[in-house]
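J.: Just dropping this structure here.
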Amino acid sequence: MARKLIQRYLPDPGTIKGNRHLRFLGSAIHDANLWHLNRRSAASAFFVGVFCAFIPIPFQMVVAAAMAVIFRCNLPLSVALVWITNPVTMPAIFYFTYKVGCYILDVPVSETSFELTVHGVGVELARIWKPLYLGSLITGVIGGFLGYLLIRLYWRWNVIHHWRQRRKRSLCKKS
């Protein structure tokens with residue numbers, strides 16, 4: 001079933017509840033609805049996790065956890081999906097979101113190189129932050145919505161598939 005497939009890859013709830021960065025959520029993190037896995041909570045968690053993955057901010061996992069509490073969706077799945085943007089995929093994803101932002105704002109894509117120093121990165125970020133964040137918000141919403149929709153469809157297909165298998169088994173037993 002879809003639930004078993006997703007639960008296989010989720011982190012342990014005890015590990016997440018004990019995370020020191022999530023203490024600001026207080027007792028809200030112990031809400032049982034944050035740990036249930038059903039069609040609504042999984043689909044909403046996909047939206048939250050993918051949306052947060054596309055936003056170039058530090059502590060994306062903390063933001064995803066806070067949004068999971070606010071929207072009462074599956075917290076481990078929301079936090080785990082933030083790792084779509086990891087050190088390997090981050091440059092390509094954020095360059096893509098930057099290009100989307102440049103296209104929407106109708107500004108040219110900057111091809112300049114910068115110094116790999118705090119000052120150099122700060123100067124470059126000050127120059128590109130508008131298209132980067134606009135593109136990140138737009139691709140985050142679109143990607144989150146697509147993830148939400150795909151999980152809802154996959155879950156429905158999986159339930160229908162299991163119903164049909166159960167019906168076949170019961171017909172075979174009657175024969």
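Labels for the structure tokens follow display order: chains A, B, ..., residues from 1 in each chain, ligands from 1.
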If we count only C-alpha atoms, what is near region 65-78 of chain A at a cut-off of 6 Å, once residues fewer than 5 positions away on the same chain are taken out, given as a PyMOL selection string?
T.: chain A and resi 34-35+41-42+44-45+48-49
J.: Could you name the residues that touch Ile84 (chain A) at 8 Å or less, counting only C-alpha atoms, but leaving out those on the same chain fewer than 3 positions away, as a ChimeraX atom specification?
T.: /A:50,53,81,89
J.: Using only C-alpha atoms, which residues sit within 12 Å of Met90 (chain A) once same-chain residues fewer than 6 positions away are excluded, as a PyMOL selection string?
T.: chain A and resi 53-57+82-84+96-98+136
J.: In region 27-137 of chain A, what's helix (DSSP H, G or I) per DSSP? Answer as number ranges by chain?
T.: A: 27-30, 32-34, 39-53, 60-71, 75-84, 90-105, 118-137
